[in-house]
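Trainee: What follows is entry22.pdb, made up of PDB, C-alpha atoms, pLDDT in the B column:
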ATOM      1  CA  MET A   1      92.812 119.823  54.016  1.00 87.00           C
ATOM      2  CA  LYS A   2      89.863 121.477  52.337  1.00 92.00           C
ATOM      3  CA  VAL A   3      86.604 120.595  54.116  1.00 93.00           C
ATOM      4  CA  THR A   4      83.184 120.945  52.484  1.00 94.00           C
ATOM      5  CA  ILE A   5      80.120 120.553  54.682  1.00 94.00           C
ATOM      6  CA  VAL A   6      76.763 119.693  53.122  1.00 95.00           C
ATOM      7  CA  GLY A   7      73.343 119.354  54.727  1.00 94.00           C
ATOM      8  CA  ARG A   8      70.813 117.174  52.909  1.00 93.00           C
ATOM      9  CA  GLN A   9      67.277 118.494  53.367  1.00 89.00           C
ATOM     10  CA  MET A  10      68.382 120.372  56.478  1.00 91.00           C
ATOM     11  CA  ASN A  11      70.415 123.340  57.632  1.00 92.00           C
ATOM     12  CA  VAL A  12      73.635 122.535  59.467  1.00 92.00           C
ATOM     13  CA  TRP A  13      74.227 124.553  62.615  1.00 93.00           C
ATOM     14  CA  ASP A  14      77.469 126.454  63.101  1.00 94.00           C
ATOM     15  CA  SER A  15      78.373 124.399  66.174  1.00 93.00           C
ATOM     16  CA  THR A  16      77.985 121.194  64.130  1.00 92.00           C
ATOM     17  CA  LYS A  17      80.167 122.645  61.362  1.00 94.00           C
ATOM     18  CA  GLU A  18      82.884 123.551  63.860  1.00 95.00           C
ATOM     19  CA  MET A  19      82.705 120.078  65.412  1.00 94.00           C
ATOM     20  CA  ALA A  20      83.053 118.455  61.984  1.00 94.00           C
ATOM     21  CA  GLU A  21      86.041 120.606  61.005  1.00 94.00           C
ATOM     22  CA  LYS A  22      87.723 119.860  64.341  1.00 94.00           C
ATOM     23  CA  LYS A  23      87.245 116.094  63.911  1.00 93.00           C
ATOM     24  CA  ILE A  24      88.444 116.128  60.286  1.00 93.00           C
ATOM     25  CA  ALA A  25      91.508 118.159  61.306  1.00 91.00           C
ATOM     26  CA  LYS A  26      92.722 115.077  63.215  1.00 90.00           C
ATOM     27  CA  LEU A  27      93.130 113.310  59.865  1.00 90.00           C
ATOM     28  CA  ASP A  28      95.364 116.070  58.433  1.00 89.00           C
ATOM     29  CA  LYS A  29      98.455 114.230  59.632  1.00 88.00           C
ATOM     30  CA  TYR A  30      97.883 111.554  56.971  1.00 87.00           C
ATOM     31  CA  PHE A  31      97.348 113.920  54.035  1.00 85.00           C
ATOM     32  CA  GLY A  32      98.973 116.977  52.554  1.00 78.00           C
ATOM     33  CA  SER A  33      97.225 120.170  51.619  1.00 80.00           C
ATOM     34  CA  GLU A  34      95.953 118.675  48.336  1.00 86.00           C
ATOM     35  CA  ALA A  35      93.373 116.460  50.079  1.00 91.00           C
ATOM     36  CA  SER A  36      89.713 117.383  50.222  1.00 94.00           C
ATOM     37  CA  ALA A  37      86.982 116.118  52.518  1.00 95.00           C
ATOM     38  CA  THR A  38      83.222 116.230  52.082  1.00 96.00           C
ATOM     39  CA  VAL A  39      81.055 115.832  55.181  1.00 96.00           C
ATOM     40  CA  THR A  40      77.356 115.267  54.539  1.00 96.00           C
ATOM     41  CA  PHE A  41      74.755 115.524  57.291  1.00 96.00           C
ATOM     42  CA  SER A  42      71.208 114.220  56.918  1.00 95.00           C
ATOM     43  CA  CYS A  43      68.342 113.279  59.181  1.00 91.00           C
ATOM     44  CA  LYS A  44      66.165 110.317  58.202  1.00 84.00           C
ATOM     45  CA  ARG A  45      63.402 108.938  60.396  1.00 84.00           C
ATOM     46  CA  GLU A  46      64.802 110.336  63.627  1.00 86.00           C
ATOM     47  CA  ARG A  47      68.258 108.922  62.818  1.00 90.00           C
ATOM     48  CA  ASP A  48      71.151 111.306  62.219  1.00 92.00           C
ATOM     49  CA  THR A  49      73.438 110.253  59.374  1.00 94.00           C
ATOM     50  CA  VAL A  50      76.978 111.456  58.770  1.00 96.00           C
ATOM     51  CA  GLU A  51      78.890 110.577  55.605  1.00 96.00           C
ATOM     52  CA  ILE A  52      82.567 111.450  55.169  1.00 96.00           C
ATOM     53  CA  THR A  53      84.380 111.149  51.857  1.00 96.00           C
ATOM     54  CA  ILE A  54      88.072 112.030  51.634  1.00 95.00           C
ATOM     55  CA  HIS A  55      89.899 112.358  48.312  1.00 94.00           C
ATOM     56  CA  GLY A  56      93.650 112.389  48.755  1.00 87.00           C
ATOM     57  CA  ALA A  57      96.845 110.707  47.610  1.00 79.00           C
ATOM     58  CA  ASN A  58      95.028 109.151  44.623  1.00 86.00           C
ATOM     59  CA  THR A  59      92.715 107.216  46.931  1.00 90.00           C
ATOM     60  CA  ILE A  60      89.194 107.667  48.231  1.00 94.00           C
ATOM     61  CA  PHE A  61      88.193 106.911  51.807  1.00 95.00           C
ATOM     62  CA  ARG A  62      84.493 106.847  52.678  1.00 96.00           C
ATOM     63  CA  ALA A  63      82.404 106.115  55.760  1.00 96.00           C
ATOM     64  CA  GLU A  64      78.692 106.480  56.506  1.00 96.00           C
ATOM     65  CA  VAL A  65      77.185 106.053  59.973  1.00 96.00           C
ATOM     66  CA  ASP A  66      73.630 106.334  61.352  1.00 95.00           C
ATOM     67  CA  ASP A  67      73.258 107.156  65.027  1.00 94.00           C
ATOM     68  CA  THR A  68      71.045 108.988  67.495  1.00 93.00           C
ATOM     69  CA  SER A  69      73.152 112.175  67.385  1.00 92.00           C
ATOM     70  CA  PHE A  70      75.513 113.840  64.963  1.00 92.00           C
ATOM     71  CA  GLN A  71      78.273 113.850  67.608  1.00 93.00           C
ATOM     72  CA  ASN A  72      78.228 110.059  68.018  1.00 94.00           C
ATOM     73  CA  ALA A  73      77.931 109.458  64.274  1.00 95.00           C
ATOM     74  CA  MET A  74      80.830 111.828  63.575  1.00 95.00           C
ATOM     75  CA  ASP A  75      83.061 110.091  66.146  1.00 95.00           C
ATOM     76  CA  ARG A  76      82.373 106.665  64.642  1.00 96.00           C
ATOM     77  CA  CYS A  77      82.921 107.958  61.087  1.00 96.00           C
ATOM     78  CA  VAL A  78      86.314 109.423  61.974  1.00 95.00           C
ATOM     79  CA  GLU A  79      87.306 106.125  63.637  1.00 96.00           C
ATOM     80  CA  ILE A  80      86.308 104.172  60.514  1.00 96.00           C
ATOM     81  CA  ILE A  81      88.235 106.512  58.199  1.00 95.00           C
ATOM     82  CA  ASP A  82      91.277 106.384  60.493  1.00 94.00           C
ATOM     83  CA  ARG A  83      91.176 102.574  60.463  1.00 95.00           C
ATOM     84  CA  GLN A  84      90.905 102.533  56.654  1.00 94.00           C
ATOM     85  CA  ILE A  85      93.878 104.879  56.291  1.00 91.00           C
ATOM     86  CA  ARG A  86      96.072 102.840  58.640  1.00 92.00           C
ATOM     87  CA  LYS A  87      95.088  99.599  56.876  1.00 93.00           C
ATOM     88  CA  ASN A  88      95.956 101.074  53.488  1.00 90.00           C
ATOM     89  CA  LYS A  89      99.229 102.472  54.816  1.00 86.00           C
ATOM     90  CA  THR A  90     100.370  99.122  56.237  1.00 87.00           C
ATOM     91  CA  ARG A  91      99.345  97.355  53.021  1.00 86.00           C
ATOM     92  CA  LEU A  92     101.527  99.740  51.020  1.00 82.00           C
ATOM     93  CA  GLU A  93     104.420  99.331  53.442  1.00 81.00           C
ATOM     94  CA  LYS A  94     104.273  95.546  53.105  1.00 81.00           C
ATOM     95  CA  ARG A  95     104.185  95.769  49.324  1.00 79.00           C
ATOM     96  CA  LEU A  96     107.036  98.275  49.152  1.00 80.00           C
ATOM     97  CA  ARG A  97     109.194  96.670  51.828  1.00 71.00           C
ATOM     98  CA  ASP A  98     112.950  96.880  51.204  1.00 59.00           C
ATOM     99  CA  SER A  99     113.321  93.115  50.975  1.00 58.00           C
ATOM    100  CA  SER A 100     110.839  92.946  48.113  1.00 54.00           C
ATOM    101  CA  PHE A 101     113.320  94.623  45.798  1.00 54.00           C
ATOM    102  CA  THR A 102     116.400  92.485  45.267  1.00 54.00           C
ATOM    103  CA  VAL A 103     119.513  94.078  43.869  1.00 56.00           C
ATOM    104  CA  PRO A 104     121.529  91.811  41.576  1.00 55.00           C
ATOM    105  CA  THR A 105     124.906  90.909  43.004  1.00 59.00           C
ATOM    106  CA  ASP A 106     128.198  90.427  41.169  1.00 57.00           C
ATOM    107  CA  ASP A 107     127.634  86.673  41.257  1.00 59.00           C
ATOM    108  CA  TYR A 108     124.557  87.199  39.121  1.00 57.00           C
ATOM    109  CA  PHE A 109     126.589  88.442  36.157  1.00 57.00           C
ATOM    110  CA  ASP A 110     129.118  86.251  34.379  1.00 59.00           C
ATOM    111  CA  TYR A 111     132.082  88.499  33.597  1.00 59.00           C
ATOM    112  CA  ASP A 112     134.111  85.733  31.907  1.00 62.00           C
ATOM    113  CA  ASP A 113     132.151  86.096  28.660  1.00 62.00           C
ATOM    114  CA  VAL A 114     132.576  89.852  28.479  1.00 61.00           C
ATOM    115  CA  GLU A 115     135.276  91.197  26.222  1.00 66.00           C
ATOM    116  CA  GLU A 116     136.956  94.412  27.184  1.00 67.00           C
ATOM    117  CA  GLU A 117     137.126  97.203  24.629  1.00 70.00           C
ATOM    118  CA  PRO A 118     140.596  98.328  23.545  1.00 70.00           C
ATOM    119  CA  GLU A 119     141.519 101.811  24.638  1.00 65.00           C
TER     120      GLU A 119
END
For this file, write the structure as structure tokens.

Mentor:
Amino acid sequence: MKVTIVGRQMNVWDSTKEMAEKKIAKLDKYFGSEASATVTFSCKRERDTVEITIHGANTIFRAEVDDTSFQNAMDRCVEIIDRQIRKNKTRLEKRLRDSSFTVPTDDYFDYDDVEEEPE
């Protein structure tokens, strides 16, 4: 997954970048290599804000959390994104369940009205 890290009105430290990439790497199991993640860090009024947006598999997952530290905000953001992904996955599984597609049986067709072609 391609990870882009952005700092709004601040410089992001290398240790924070490494922490963000490590946390986002946990979500790689849900996406292929075509997914991209944008992690935005900002500090407003002594509150650290982390926003994660993931574009992958024709869907967008987004979470934004304010907390006292970037570490705590990042942990909560990853939990929210993980919950959203699992919810979407189970919703798709229910919709595409095998029993939802019924295959017509031979009883469905009336073969008595069908004329055979001469050979």

Trainee: Using all atoms listed in the file, pick whichever of A:Met19, A:Ala37, A:Ile54, A:Cys43 has the shortest atom-to-atom distance to Ile85 of chain A.

Mentor: A:Ile54

Trainee: What lies within 12 Å of Val12 of chain A using only C-alpha atoms, ignoring chain neighbours under 2 positions off, as a PyMOL selection string?

Mentor: chain A and resi 4-10+14-20+39-43+48+50+70

Trainee: Of the candidates A:Asp75, A:Lys23, A:Met1, A:Asp82, which shows the shortest atom-to-atom distance to Gly56 of chain A, using only C-alpha atoms?

Mentor: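 Between A:Asp75, A:Lys23, A:Met1, A:Asp82, the residue approaching Gly56 of chain A most closely is A:Met1.
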
Trainee: In Å to one decimal, how far is atom CA of Ala35 of chain A from atom CA of Thr59 of chain A?

Mentor: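 Computing it gives 9.8 Å between the two atoms.
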
Trainee: Can you tell me how far atom CA of Lys44 of chain A sits from atom CA of Val78 of chain A, in Å to one decimal?

Mentor: 20.5 Å

Trainee: Near Arg83 of chain A, counting all atoms listed in the file, which residues have an atom at most 12 Å away, once you skip same-chain residues fewer than 5 positions from it, shown as a PyMOL selection string?

Mentor: chain A and resi 27+30+61-63+76-78+88-90

Trainee: Could you turn the residues from that selection into a file that holds C-alpha atoms, as a PDB file, keeping the file's coordinate frame?

Mentor:
ATOM      1  CA  LEU A  27      93.130 113.310  59.865  1.00 90.00           C
ATOM      2  CA  TYR A  30      97.883 111.554  56.971  1.00 87.00           C
ATOM      3  CA  PHE A  61      88.193 106.911  51.807  1.00 95.00           C
ATOM      4  CA  ARG A  62      84.493 106.847  52.678  1.00 96.00           C
ATOM      5  CA  ALA A  63      82.404 106.115  55.760  1.00 96.00           C
ATOM      6  CA  ARG A  76      82.373 106.665  64.642  1.00 96.00           C
ATOM      7  CA  CYS A  77      82.921 107.958  61.087  1.00 96.00           C
ATOM      8  CA  VAL A  78      86.314 109.423  61.974  1.00 95.00           C
ATOM      9  CA  ASN A  88      95.956 101.074  53.488  1.00 90.00           C
ATOM     10  CA  LYS A  89      99.229 102.472  54.816  1.00 86.00           C
ATOM     11  CA  THR A  90     100.370  99.122  56.237  1.00 87.00           C
TER      12      THR A  90
END

Trainee: As a check of understanding, name the residues that the PyMOL selection byres ((chain A and resi 46) around 10) selects in the supplied structure, as a PyMOL selection string.

Mentor: chain A and resi 43-45+47-49+66-69

Trainee: For a quick check of understanding, using only C-alpha atoms, which of A:Ser36, A:Asn72, A:Arg91, A:Asn11 has the smallest distance to Asn58 of chain A?

Mentor: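 Comparing A:Ser36, A:Asn72, A:Arg91, A:Asn11 against Asn58 of chain A, the winner is A:Ser36.
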
Trainee: Report the distance between atom CA of Ile81 of chain A and atom CA of Glu64 of chain A in Å, rounded to one decimal place.

Mentor: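 Straight-line distance from atom CA of Ile81 of chain A to atom CA of Glu64 of chain A works out to 9.7 Å.
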
Trainee: Measuring between only C-alpha atoms, which one of A:Ile24, A:Pro118, A:Lys2, A:Gly32 shows the shortest distance to Ala57 of chain A?

Mentor: A:Gly32

Trainee: Let me make sure I understand: among A:Val3, A:Ala73, A:Trp13, A:Leu92, which one has the smallest atom-to-atom distance to Ser33 of chain A if we use all atoms listed in the file?

Mentor: A:Val3

Trainee: Please determine, counting all atoms listed in the file, which residue among A:Ile52, A:Ala25, A:Glu117, A:Thr38 has the shortest atom-to-atom distance to Met74 of chain A.

Mentor: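 Nearest to Met74 of chain A: A:Ile52.
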